[in-house]
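Have a look at the structure below, then the notes.
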Amino acid sequence: MSALLELAGVNKHFGGLLAVKNVSFSVERGEIVGILGPNGAGKTTLYNLLTGFIAPDPGAKIVFDGHNLVGLPPHRIAGLGISRTFQLCRPFIGMSVLENVIVGALGSRRREGAALDAQAQALLARVGLAGKEGVPVEVLSYGDQRRLEIARALAARPALLLLDEPFAGLGSGEIADLSTLIRQVHGQEGLTVILIEHKLREFMRLVGRVIALDFGEVIAQGAPEEIVRHPAVIEAYIGRDSPIEEGAHAA
Amino acid sequence: MFNKPIDLAGAVAFIALMAVLPLVFGGNYLIGVLTVSVIYGIWAVTWDFMSGLTGRENFGHSLFIGVGAYTAGFMNTSFGINGWWSIPAAMVMAALAAVLIGLPTLRLKGPYFALAMLSGAVIMQRLMLIFWEQTGGEEGINGLTPLIRSQLGFYYFALAVLVAITALLLFVARSHWGLILRAIRGDEATCQAAGINVTYYKIASLVISAAFAGAGGAMYAHYQLQVSPQLFAVVTSITIITMVYVGGMASIYGPVGGAILLVLLTELLRNFGEWRLMVYSCTLILILFFLPHGLVAPMWRRLRSALQAGTSAPAPRATLPLAADGAAREAE
């Protein structure tokens, strides 16, 4: 079976800065892949390249489900079945929670017209926002905004879900809930998930494979337990010649 | 939540009031003022449909009004075409102008669209003076034929058009289409990430807004029986925006009330002589200062929840600031 997503030779310059350097990797259907890296490693830039918000330097190859994504506008890429969340929550201000999720479904070609409201309500119940349908998004707590982002992204019925630091700013209880949700979505629908994260411990338990980035380059790929022991990763996070201890440093 | 029976009753009451006013007070002067207020109502709703919903401020709505009016003027006087053809022709020309300005500027973020609309209107006003041999310059085009001979008849026609346009735009605004327009106001990047072609929706809503504003322009031309470059004036656009603010942005129906209130206010203040503009401006500032969400739509919402509480079982939730009726709530 060919990979769901395949990147080869992806570069991105911002002036003299090489934000993403010759990145190549592939993601199989049904995987949960984590992208790990210190601040400024190019993780979010990579998402922006994948989703068409910024264009890669010439020569890049990004193929999703047999479609070449390079040069497509964001809405077309989303239409092919890639949903994303944003690092800083970006809900539709001025609208209710339910309306936010409905809009998430409107751009999808796979929607089934009439049941849109019911579907959105079911999604909200699933992410734990039942009873808050009519609430204006501005008054939601940070944790609830994160849940809403995921509900909105799922509403489009994607084949690939890109989560950008879904745990950022959440308490440990909320992180556990959210991980459970991501596992459920992955398990029940066979959704392929890529997530960017800093919070090592939860992240490592959730993902099946890790791609570590530093200064825009892939420095290591492999199972979570291999990655935490990988010398290049340790160096990227805590420098050379330091005692190795899992987790806490990177959080 | 909006409540269908109460909203419908409100609309019927409004139409009945507007229809009866000239019969009770009579006089061509009042009919004239009401006709102008109703045409401004058309311009205000159409502005609100695009700019109120998507949050992309259009500072040159007068461009579409002028294009519509001059289309009517040329067709009716130079070619002697029956006045009723003016309205569809004006809609087409105004829509064309919207595509020409929207296509390059609505793809971009930032103030380009607002500035392009503003300068588009100013340029058109200049062009009307530069090509005075064709356009009549400062004098404009005179001698248009009236659409309906009776003043009262034309007023009722204008009122019917206003009601039809408002009903149509309200219907669209409350559909999924309108939800997408409001989402664009909320966050454009998230819309794109949800697979929505943001540029398409912005241009399409501008074209719809422009077409109906152009129709209003043609009606105004056939009411004044002449067109002049003043139609393109920036003041007209600003007046329309003020009406929308007073009415309540993004509510669609509010701006109709805002337009009628402000036109009537202008007339009532004639007694103040030279103080008129000052009183008018101060009233506006007070309204906008104390009622940042406008006057008409928020008042109607309050009245509606009072009526709801009165008719049905006690509904304590009706007074909560729920977003279900959030069409009008501002993103501050």
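Chain labels run A, B, ... following the order of the structure tokens; each chain numbers its residues from 1, and ligands are numbered from 1 in the order shown.
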DSSP strand (DSSP E or B) residues within region 30-231 of chain A, as a PyMOL selection string:
chain A and resi 32-36+61-64+67-68+82-84+96+136+160-164+192-197+209-214+217-222
Could you save the residues just selected, with C-alpha atoms, as a PDB file, in the first residue's frame?
```
ATOM      1  CA  ILE A  32      -0.452   8.492  14.570  1.00  0.00           C
ATOM      2  CA  VAL A  33       2.758  10.364  13.929  1.00  0.00           C
ATOM      3  CA  GLY A  34       4.278  12.922  16.245  1.00  0.00           C
ATOM      4  CA  ILE A  35       6.450  15.781  15.113  1.00  0.00           C
ATOM      5  CA  LEU A  36       8.833  16.762  17.852  1.00  0.00           C
ATOM      6  CA  LYS A  61       7.152  17.120  -3.722  1.00  0.00           C
ATOM      7  CA  ILE A  62       4.126  16.792  -1.456  1.00  0.00           C
ATOM      8  CA  VAL A  63       1.708  14.043  -2.421  1.00  0.00           C
ATOM      9  CA  PHE A  64      -1.456  13.209  -0.515  1.00  0.00           C
ATOM     10  CA  HIS A  67      -2.819  14.216  -5.392  1.00  0.00           C
ATOM     11  CA  ASN A  68       0.058  16.631  -5.788  1.00  0.00           C
ATOM     12  CA  ILE A  82      -6.757  17.294   5.240  1.00  0.00           C
ATOM     13  CA  SER A  83      -8.022  19.140   8.322  1.00  0.00           C
ATOM     14  CA  ARG A  84      -5.848  21.132  10.661  1.00  0.00           C
ATOM     15  CA  SER A  96     -21.845  30.172  18.588  1.00  0.00           C
ATOM     16  CA  PRO A 136     -20.556  32.432  21.969  1.00  0.00           C
ATOM     17  CA  LEU A 160      -5.721  13.186   7.699  1.00  0.00           C
ATOM     18  CA  LEU A 161      -5.876  15.341  10.808  1.00  0.00           C
ATOM     19  CA  LEU A 162      -3.041  17.756  11.587  1.00  0.00           C
ATOM     20  CA  LEU A 163      -2.996  18.932  15.195  1.00  0.00           C
ATOM     21  CA  ASP A 164      -0.718  21.826  16.087  1.00  0.00           C
ATOM     22  CA  THR A 192      -4.524   9.250  10.242  1.00  0.00           C
ATOM     23  CA  VAL A 193      -3.220  11.824  12.704  1.00  0.00           C
ATOM     24  CA  ILE A 194      -0.094  13.940  12.758  1.00  0.00           C
ATOM     25  CA  LEU A 195       0.534  16.047  15.819  1.00  0.00           C
ATOM     26  CA  ILE A 196       3.076  18.606  16.851  1.00  0.00           C
ATOM     27  CA  GLU A 197       3.831  18.686  20.530  1.00  0.00           C
ATOM     28  CA  ARG A 209       6.128   7.054  15.461  1.00  0.00           C
ATOM     29  CA  VAL A 210       8.055  10.287  15.972  1.00  0.00           C
ATOM     30  CA  ILE A 211       9.731  12.562  13.444  1.00  0.00           C
ATOM     31  CA  ALA A 212      12.155  14.881  15.212  1.00  0.00           C
ATOM     32  CA  LEU A 213      12.987  18.241  13.666  1.00  0.00           C
ATOM     33  CA  ASP A 214      15.684  20.755  14.516  1.00  0.00           C
ATOM     34  CA  GLU A 217      15.796  19.440   9.338  1.00  0.00           C
ATOM     35  CA  VAL A 218      14.632  15.930  10.133  1.00  0.00           C
ATOM     36  CA  ILE A 219      17.202  14.766  12.681  1.00  0.00           C
ATOM     37  CA  ALA A 220      15.652  11.449  13.651  1.00  0.00           C
ATOM     38  CA  GLN A 221      12.687   9.192  12.937  1.00  0.00           C
ATOM     39  CA  GLY A 222      11.481   6.173  14.838  1.00  0.00           C
TER      40      GLY A 222
END
```
Mind dumping a table of every chain A residue within 8 Å of chain B, with the nearest atom pair and its distance in Å to one decimal, using only C-alpha atoms, sorted by chain and rising number, as a tab-separated table?
```
residue	atom	partner	partner_atom	distance
A:Thr51	CA	B:Ala193	CA	7.5
A:Pro74	CA	B:Gln192	CA	5.6
A:His75	CA	B:Gly195	CA	3.8
A:Arg76	CA	B:Gly195	CA	6.2
A:Ile77	CA	B:Gly195	CA	7.2
A:Ala78	CA	B:Gly195	CA	4.6
A:Gly79	CA	B:Gly195	CA	5.1
A:Ser83	CA	B:Ala193	CA	6.4
A:Arg84	CA	B:Ala193	CA	6.4
A:Arg90	CA	B:Thr190	CA	6.5
A:Pro91	CA	B:Asp187	CA	6.8
A:Phe92	CA	B:Gly186	CA	4.0
A:Ile93	CA	B:Gly186	CA	4.3
A:Gly94	CA	B:Ala331	CA	5.2
A:Met95	CA	B:Gly326	CA	5.9
A:Ser96	CA	B:Ala323	CA	5.0
A:Glu99	CA	B:Leu179	CA	7.5
A:Asn100	CA	B:Ala183	CA	7.8
A:Val103	CA	B:Ile180	CA	6.4
A:Gly104	CA	B:Ala194	CA	5.2
A:Ala105	CA	B:Ala194	CA	7.2
A:Leu106	CA	B:Ile196	CA	7.4
A:Gly107	CA	B:Gly195	CA	4.4
A:Ser108	CA	B:Gly195	CA	6.1
A:Gly134	CA	B:Ala324	CA	5.6
A:Val135	CA	B:Leu322	CA	5.6
A:Pro136	CA	B:Ala323	CA	4.9
A:Arg152	CA	B:Ala194	CA	8.0
A:Ala153	CA	B:Ala194	CA	7.0
A:Ala156	CA	B:Ala194	CA	6.7
```
Pull the alpha helix (DSSP H) assignments for region 24-71 of chain B out of DSSP run on the backbone, and list those residues as a ChimeraX atom specification.
/B:24-25,28-47,53-54,61-71
* For Asp7 (chain B), which residue out of B:Leu295, B:Leu307, B:Leu277, B:Leu231 is the nearest one, using only C-alpha atoms? ->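 Smallest distance to Asp7 (chain B) is found for B:Leu307.
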Distance criterion (only C-alpha atoms): nearest to Gln230 (chain B) out of B:Met124, B:Val12, B:Ala97, B:Leu30: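 The answer is B:Met124, which sits nearest to Gln230 (chain B).
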What does the distance from CA of Ser2 (chain A) to CA of Val185 (chain A) come to in Å, to one decimal?
->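 These atoms are spaced 22.4 Å apart.
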Might you pull out every residue within 9 Å of Gly257 (chain B), with only C-alpha atoms counted and same-chain residues fewer than 2 positions away left off, and present them as a PDB file with C-alpha atoms, in the first residue's frame?
```pdb
ATOM      1  CA  GLY B  41     -32.921  51.584   3.101  1.00  0.00           C
ATOM      2  CA  MET B 243     -27.206  54.128   8.790  1.00  0.00           C
ATOM      3  CA  VAL B 244     -25.980  50.551   9.066  1.00  0.00           C
ATOM      4  CA  VAL B 246     -27.310  52.942  13.790  1.00  0.00           C
ATOM      5  CA  GLY B 247     -29.431  50.056  12.551  1.00  0.00           C
ATOM      6  CA  TYR B 253     -33.143  44.251   8.901  1.00  0.00           C
ATOM      7  CA  GLY B 254     -31.643  46.777  11.337  1.00  0.00           C
ATOM      8  CA  PRO B 255     -30.080  49.003   8.650  1.00  0.00           C
ATOM      9  CA  ALA B 259     -31.835  54.444   7.105  1.00  0.00           C
ATOM     10  CA  ILE B 260     -35.427  55.510   7.677  1.00  0.00           C
ATOM     11  CA  LEU B 261     -34.633  56.984  11.112  1.00  0.00           C
ATOM     12  CA  LEU B 262     -31.688  59.016   9.856  1.00  0.00           C
ATOM     13  CA  LEU B 295     -30.163  51.103  17.951  1.00  0.00           C
ATOM     14  CA  VAL B 296     -32.730  49.339  15.797  1.00  0.00           C
ATOM     15  CA  ALA B 297     -31.697  45.675  15.817  1.00  0.00           C
TER      16      ALA B 297
END
```
Residue with the minimum atom-to-atom distance to Ala173 (chain B), picked from B:Phe232, B:Phe49, B:Phe64, B:Phe272 with only C-alpha atoms counted, is B:Phe49
